[in-house]
Amino acid sequence: MTKPLEGKVALVAGATRAAGRGIAVELGAAGATVYCTGRSTRARRSEMDRPETIEETAELVTRAGGRGIAVAVDHLVPGEVRALVERIDREQGALHVLVNDIFGGTKMEWNRTVWESDLEYGLHTLRLAVDTHAITAHHALPLLIRSPGGLVVEVTDGTAEYNARNYRVSFFYDLVKAANLRMAWALGHELAPHRATAVALTPGWLRSELMLELFGVTEANWRDALAKEPHFAISETPAFVGRAVAALAADPEVARWNGQSLSSGQLAKVYGFTDVDGSRPDAWRYMVEVQDPGKPADVTGYR
């Protein structure tokens with residue numbers, strides 16, 4: 001079976017769990033060598049204090065058909081990121097795909113104004129989700145642009161259109177996700193002369209490890225959560241956004257998306273991939289047309 005990304009090298013920064021893990025695994029399934037970075041290892045957990053590790057992600061990448069390489073990196077530390085990129089250059093001689101999926105938030109302060117927010121945590125959130133992306137791009141892009149056709153994916157939450165019209169969670173969370181969207185636009189401007197592309201990409205309602213735990217279900221019985229939250233019917237696995245990234249990375253015309261805000265559901269219609277159950281959940285259209293107006297949950301025509 002042909003693997004469209006065979007011979008390609010990817011860095012998924014923030015590959016420990018959720019979307020990052022799904023993206024890393026699907027890039028591996030397409031044949032890529034994937035450097036999987038994060039702070040949670042079998043020897044030490046990050047401040048998130050969760051069991052998922054970068055070693056597990058790398059093993060899943062290899063099992064999927066690629067080559068997974070786990071590297072413990074704190075993307076807030078420029079020296080560690082510089083050393084990572086130097087290692088990729090030394091071992092592979094190129095970098096074709098950079099996925100900036102770093103976040104690491106430990107709590108959500110729902111509907112907290114800036115004056116009601118935990119200021120220390122809010123500022124730390126900016127560091128976790130903005131500074132890390134900038135530091136990683138600064139060090140990785142000189143290697144990426146050495147090979148024509150490179151791709152940078154800024155993973156965020158919400159499309160530019162949706163976030164422009166809707167308050168997202170809290171002051172600091174809203175600011176972070178707006179920054180990630182703008183980063184993709186700015187990087188697209190800077191990368192275009194080097195024949196490289198940058199996009200912002202959002203999954204829909206993600207059935208991450210944490211989300212499944214919050215609903216008290218597993219991937220095998222996730223529909224049991226619909227009794228508690230009927231709109232969870234539109235949710236998607238991390239593989240869905242992973243397949244979106246793999247499709248972008250394999251597209252010789254990917255430059256048509258440069259600087260744009262994209263979603264997994266939108267790209268599924270263009271590239272024809274599905275989630276693991278064969279469906280194509282279009283979560284952001286569902287949010288606008290069904291969930292936000294307060295209509296009863298009904299995913300007919302949305303997945």
# chains A, B, ... in the order shown; residues from 1 in each chain; ligands from 1
>>> residues_around(residues="stretch 287-297 of chain A", least_positions_apart="5", cutoff="12 Å", atoms="only C-alpha atoms", output="PDB file with N, CA, C and O atoms, in the first residue's frame")
ATOM      1  N   GLY A 158     -11.426  26.314  17.511  1.00  0.00           N
ATOM      2  CA  GLY A 158     -12.363  27.221  16.866  1.00  0.00           C
ATOM      3  C   GLY A 158     -11.817  27.789  15.583  1.00  0.00           C
ATOM      4  O   GLY A 158     -10.621  28.050  15.461  1.00  0.00           O
ATOM      5  N   THR A 159     -12.685  27.986  14.626  1.00  0.00           N
ATOM      6  CA  THR A 159     -12.281  28.627  13.377  1.00  0.00           C
ATOM      7  C   THR A 159     -12.189  30.134  13.587  1.00  0.00           C
ATOM      8  O   THR A 159     -12.738  30.683  14.551  1.00  0.00           O
ATOM      9  N   GLU A 161     -13.681  32.373  11.873  1.00  0.00           N
ATOM     10  CA  GLU A 161     -15.036  32.923  11.754  1.00  0.00           C
ATOM     11  C   GLU A 161     -15.827  32.729  13.046  1.00  0.00           C
ATOM     12  O   GLU A 161     -16.476  33.660  13.541  1.00  0.00           O
ATOM     13  N   TYR A 162     -15.756  31.530  13.617  1.00  0.00           N
ATOM     14  CA  TYR A 162     -16.519  31.258  14.841  1.00  0.00           C
ATOM     15  C   TYR A 162     -15.986  32.070  16.015  1.00  0.00           C
ATOM     16  O   TYR A 162     -16.759  32.681  16.775  1.00  0.00           O
ATOM     17  N   ASN A 163     -14.681  32.095  16.176  1.00  0.00           N
ATOM     18  CA  ASN A 163     -14.095  32.783  17.322  1.00  0.00           C
ATOM     19  C   ASN A 163     -14.260  34.293  17.239  1.00  0.00           C
ATOM     20  O   ASN A 163     -14.298  34.973  18.263  1.00  0.00           O
ATOM     21  N   ARG A 165     -16.865  35.765  16.437  1.00  0.00           N
ATOM     22  CA  ARG A 165     -18.240  36.102  16.822  1.00  0.00           C
ATOM     23  C   ARG A 165     -18.624  35.576  18.196  1.00  0.00           C
ATOM     24  O   ARG A 165     -19.717  35.898  18.692  1.00  0.00           O
ATOM     25  N   ASN A 166     -17.781  34.749  18.788  1.00  0.00           N
ATOM     26  CA  ASN A 166     -18.145  34.094  20.035  1.00  0.00           C
ATOM     27  C   ASN A 166     -17.051  34.234  21.092  1.00  0.00           C
ATOM     28  O   ASN A 166     -15.866  34.090  20.788  1.00  0.00           O
ATOM     29  N   GLY A 204     -13.070  19.418  16.011  1.00  0.00           N
ATOM     30  CA  GLY A 204     -14.360  19.739  16.585  1.00  0.00           C
ATOM     31  C   GLY A 204     -14.363  19.371  18.062  1.00  0.00           C
ATOM     32  O   GLY A 204     -13.344  19.509  18.745  1.00  0.00           O
ATOM     33  N   TRP A 205     -15.493  18.886  18.532  1.00  0.00           N
ATOM     34  CA  TRP A 205     -15.586  18.459  19.934  1.00  0.00           C
ATOM     35  C   TRP A 205     -14.803  17.159  20.063  1.00  0.00           C
ATOM     36  O   TRP A 205     -15.228  16.107  19.601  1.00  0.00           O
ATOM     37  N   LEU A 226     -24.228  10.523  25.833  1.00  0.00           N
ATOM     38  CA  LEU A 226     -25.283  11.332  25.244  1.00  0.00           C
ATOM     39  C   LEU A 226     -26.459  11.520  26.201  1.00  0.00           C
ATOM     40  O   LEU A 226     -27.212  12.494  26.083  1.00  0.00           O
ATOM     41  N   ALA A 227     -26.605  10.614  27.158  1.00  0.00           N
ATOM     42  CA  ALA A 227     -27.662  10.766  28.154  1.00  0.00           C
ATOM     43  C   ALA A 227     -27.420  12.010  29.007  1.00  0.00           C
ATOM     44  O   ALA A 227     -28.356  12.673  29.444  1.00  0.00           O
ATOM     45  N   LYS A 228     -26.149  12.325  29.212  1.00  0.00           N
ATOM     46  CA  LYS A 228     -25.777  13.499  30.005  1.00  0.00           C
ATOM     47  C   LYS A 228     -25.665  14.747  29.137  1.00  0.00           C
ATOM     48  O   LYS A 228     -26.060  15.840  29.544  1.00  0.00           O
ATOM     49  N   GLU A 229     -25.122  14.591  27.915  1.00  0.00           N
ATOM     50  CA  GLU A 229     -24.930  15.722  27.006  1.00  0.00           C
ATOM     51  C   GLU A 229     -25.236  15.262  25.590  1.00  0.00           C
ATOM     52  O   GLU A 229     -24.376  14.717  24.899  1.00  0.00           O
ATOM     53  N   PRO A 230     -26.494  15.464  25.133  1.00  0.00           N
ATOM     54  CA  PRO A 230     -26.896  14.965  23.811  1.00  0.00           C
ATOM     55  C   PRO A 230     -26.061  15.523  22.659  1.00  0.00           C
ATOM     56  O   PRO A 230     -25.852  14.826  21.659  1.00  0.00           O
ATOM     57  N   HIS A 231     -25.562  16.763  22.775  1.00  0.00           N
ATOM     58  CA  HIS A 231     -24.786  17.348  21.682  1.00  0.00           C
ATOM     59  C   HIS A 231     -23.405  16.681  21.523  1.00  0.00           C
ATOM     60  O   HIS A 231     -22.735  16.915  20.516  1.00  0.00           O
ATOM     61  N   PHE A 232     -23.032  15.854  22.487  1.00  0.00           N
ATOM     62  CA  PHE A 232     -21.767  15.116  22.367  1.00  0.00           C
ATOM     63  C   PHE A 232     -21.807  14.167  21.171  1.00  0.00           C
ATOM     64  O   PHE A 232     -20.778  13.635  20.758  1.00  0.00           O
ATOM     65  N   ALA A 233     -22.974  13.991  20.605  1.00  0.00           N
ATOM     66  CA  ALA A 233     -23.130  13.129  19.421  1.00  0.00           C
ATOM     67  C   ALA A 233     -22.316  13.628  18.238  1.00  0.00           C
ATOM     68  O   ALA A 233     -22.004  12.855  17.324  1.00  0.00           O
ATOM     69  N   ILE A 234     -21.962  14.905  18.222  1.00  0.00           N
ATOM     70  CA  ILE A 234     -21.180  15.453  17.109  1.00  0.00           C
ATOM     71  C   ILE A 234     -19.683  15.273  17.323  1.00  0.00           C
ATOM     72  O   ILE A 234     -18.881  15.601  16.443  1.00  0.00           O
ATOM     73  N   SER A 235     -19.288  14.720  18.440  1.00  0.00           N
ATOM     74  CA  SER A 235     -17.859  14.633  18.782  1.00  0.00           C
ATOM     75  C   SER A 235     -17.081  13.738  17.822  1.00  0.00           C
ATOM     76  O   SER A 235     -17.651  12.930  17.090  1.00  0.00           O
ATOM     77  N   PRO A 281     -17.878  14.078  10.884  1.00  0.00           N
ATOM     78  CA  PRO A 281     -18.529  15.076  11.732  1.00  0.00           C
ATOM     79  C   PRO A 281     -18.098  16.498  11.384  1.00  0.00           C
ATOM     80  O   PRO A 281     -16.905  16.793  11.311  1.00  0.00           O
ATOM     81  N   ASP A 282     -19.084  17.361  11.177  1.00  0.00           N
ATOM     82  CA  ASP A 282     -18.831  18.766  10.858  1.00  0.00           C
ATOM     83  C   ASP A 282     -19.255  19.587  12.074  1.00  0.00           C
ATOM     84  O   ASP A 282     -20.313  20.217  12.102  1.00  0.00           O
ATOM     85  N   TYR A 302     -24.939  16.196   9.625  1.00  0.00           N
ATOM     86  CA  TYR A 302     -23.724  16.829  10.168  1.00  0.00           C
ATOM     87  C   TYR A 302     -22.596  15.828  10.420  1.00  0.00           C
ATOM     88  O   TYR A 302     -21.520  16.211  10.795  1.00  0.00           O
TER      89      TYR A 302
END
>>> closest_atom_pairs(of="stretch 148-254 of chain A", to="stretch 86-107 of chain A", cutoff="10 Å", atoms="only C-alpha atoms", output="JSON lines")
{"residue": "A:Pro148", "atom": "CA", "partner": "A:His96", "partner_atom": "CA", "distance": 8.3}
{"residue": "A:Gly149", "atom": "CA", "partner": "A:His96", "partner_atom": "CA", "distance": 7.4}
{"residue": "A:Gly150", "atom": "CA", "partner": "A:His96", "partner_atom": "CA", "distance": 4.8}
{"residue": "A:Leu151", "atom": "CA", "partner": "A:Val97", "partner_atom": "CA", "distance": 4.8}
{"residue": "A:Val152", "atom": "CA", "partner": "A:Leu98", "partner_atom": "CA", "distance": 4.8}
{"residue": "A:Val153", "atom": "CA", "partner": "A:Val99", "partner_atom": "CA", "distance": 4.7}
{"residue": "A:Glu154", "atom": "CA", "partner": "A:Asn100", "partner_atom": "CA", "distance": 5.0}
{"residue": "A:Val155", "atom": "CA", "partner": "A:Asp101", "partner_atom": "CA", "distance": 5.1}
{"residue": "A:Thr156", "atom": "CA", "partner": "A:Asp101", "partner_atom": "CA", "distance": 7.6}
{"residue": "A:Tyr173", "atom": "CA", "partner": "A:Gly105", "partner_atom": "CA", "distance": 9.6}
{"residue": "A:Val176", "atom": "CA", "partner": "A:Phe103", "partner_atom": "CA", "distance": 9.6}
{"residue": "A:Asn180", "atom": "CA", "partner": "A:Asn100", "partner_atom": "CA", "distance": 9.2}
{"residue": "A:Ala196", "atom": "CA", "partner": "A:His96", "partner_atom": "CA", "distance": 9.2}
{"residue": "A:Thr197", "atom": "CA", "partner": "A:Val97", "partner_atom": "CA", "distance": 9.7}
{"residue": "A:Ala198", "atom": "CA", "partner": "A:Leu98", "partner_atom": "CA", "distance": 9.3}
{"residue": "A:Val199", "atom": "CA", "partner": "A:Val99", "partner_atom": "CA", "distance": 9.9}
{"residue": "A:Ala200", "atom": "CA", "partner": "A:Asn100", "partner_atom": "CA", "distance": 9.6}
{"residue": "A:Leu201", "atom": "CA", "partner": "A:Asp101", "partner_atom": "CA", "distance": 9.8}
{"residue": "A:Val245", "atom": "CA", "partner": "A:Val99", "partner_atom": "CA", "distance": 8.6}
{"residue": "A:Ala246", "atom": "CA", "partner": "A:Val97", "partner_atom": "CA", "distance": 9.7}
{"residue": "A:Leu248", "atom": "CA", "partner": "A:Val97", "partner_atom": "CA", "distance": 9.9}
{"residue": "A:Ala249", "atom": "CA", "partner": "A:Val97", "partner_atom": "CA", "distance": 7.1}
>>> residues_around(residues="A:Ala244", least_positions_apart="4", cutoff="8 Å", atoms="only C-alpha atoms", output="ChimeraX atom specification")
/A:240,248,264,267-268,273
>>> write_last_selection(atoms="N, CA and C atoms", output="PDB file, in the first residue's frame")
ATOM      1  N   PHE A 240      -9.383  11.949  13.616  1.00  0.00           N
ATOM      2  CA  PHE A 240     -10.019  12.733  12.559  1.00  0.00           C
ATOM      3  C   PHE A 240      -9.181  13.959  12.215  1.00  0.00           C
ATOM      4  N   LEU A 248      -3.348  17.239   4.357  1.00  0.00           N
ATOM      5  CA  LEU A 248      -2.684  18.490   3.993  1.00  0.00           C
ATOM      6  C   LEU A 248      -1.223  18.246   3.622  1.00  0.00           C
ATOM      7  N   SER A 264     -11.291  20.240  10.843  1.00  0.00           N
ATOM      8  CA  SER A 264     -11.224  18.839  10.423  1.00  0.00           C
ATOM      9  C   SER A 264     -12.445  18.470   9.590  1.00  0.00           C
ATOM     10  N   LEU A 267     -12.151  19.931   6.019  1.00  0.00           N
ATOM     11  CA  LEU A 267     -11.172  19.256   5.176  1.00  0.00           C
ATOM     12  C   LEU A 267     -11.604  17.838   4.817  1.00  0.00           C
ATOM     13  N   ALA A 268     -12.399  17.205   5.664  1.00  0.00           N
ATOM     14  CA  ALA A 268     -12.896  15.861   5.338  1.00  0.00           C
ATOM     15  C   ALA A 268     -13.722  15.887   4.061  1.00  0.00           C
ATOM     16  N   PHE A 273     -11.462  11.936   3.594  1.00  0.00           N
ATOM     17  CA  PHE A 273     -11.165  11.042   4.716  1.00  0.00           C
ATOM     18  C   PHE A 273     -12.351  11.020   5.685  1.00  0.00           C
TER      19      PHE A 273
END
>>> atom_distance(atom1="atom CA of A:Leu214", atom2="atom CA of A:Ala19")
16.8 Å
>>> select_by_dssp(residues="stretch 14-224 of chain A", states="strand (DSSP E)", output="PyMOL selection string")
chain A and resi 33-38+67-72+97-100+151-155+197-202
>>> write_last_selection(atoms="C-alpha atoms", output="tab-separated table (two decimals), in the first residue's frame")
chain	number	residue	atom	x	y	z
A	33	THR	CA	9.06	9.77	10.54
A	34	VAL	CA	7.53	11.67	13.46
A	35	TYR	CA	9.35	13.34	16.33
A	36	CYS	CA	6.90	13.31	19.23
A	37	THR	CA	7.68	15.91	21.88
A	38	GLY	CA	6.23	16.89	25.21
A	67	ARG	CA	8.71	5.76	12.64
A	68	GLY	CA	8.01	7.39	15.99
A	69	ILE	CA	10.78	9.10	17.95
A	70	ALA	CA	10.00	10.40	21.43
A	71	VAL	CA	11.98	13.40	22.68
A	72	ALA	CA	11.31	15.03	26.04
A	97	VAL	CA	6.02	19.23	8.65
A	98	LEU	CA	5.80	21.20	11.89
A	99	VAL	CA	2.68	20.81	14.01
A	100	ASN	CA	2.43	23.31	16.86
A	151	LEU	CA	3.89	22.72	6.05
A	152	VAL	CA	3.24	24.36	9.42
A	153	VAL	CA	0.03	23.60	11.29
A	154	GLU	CA	-1.07	25.78	14.20
A	155	VAL	CA	-3.57	23.70	16.15
A	197	THR	CA	2.59	26.90	3.85
A	198	ALA	CA	1.10	27.67	7.24
A	199	VAL	CA	-2.49	27.01	8.35
A	200	ALA	CA	-4.54	27.10	11.51
A	201	LEU	CA	-6.48	23.90	12.15
A	202	THR	CA	-9.17	23.12	14.71
>>> residues_around(residues="A:His139", least_positions_apart="4", cutoff="12 Å", atoms="only C-alpha atoms", output="list in words")
His75, Val77, Pro78, Gly79, Glu80, Val81, Arg82, Ala83, Leu84, Val85, Glu86, Arg87, Ile88, Asp89, Leu95, Leu98, Thr132, His133, Ala134, Ile135, Leu143, Leu144 and Ile145 of chain A
>>> select_by_dssp(residues="stretch 106-255 of chain A", states="alpha helix (DSSP H)", output="MDAnalysis selection string")
chainID A and resid 119:126 132:144 160:165 171:191 209:215 238:250
>>> closest_residue(among="A:Glu52, A:Glu26, A:Arg17, A:Ser261", to="A:Ala186", atoms="only C-alpha atoms")
A:Ser261
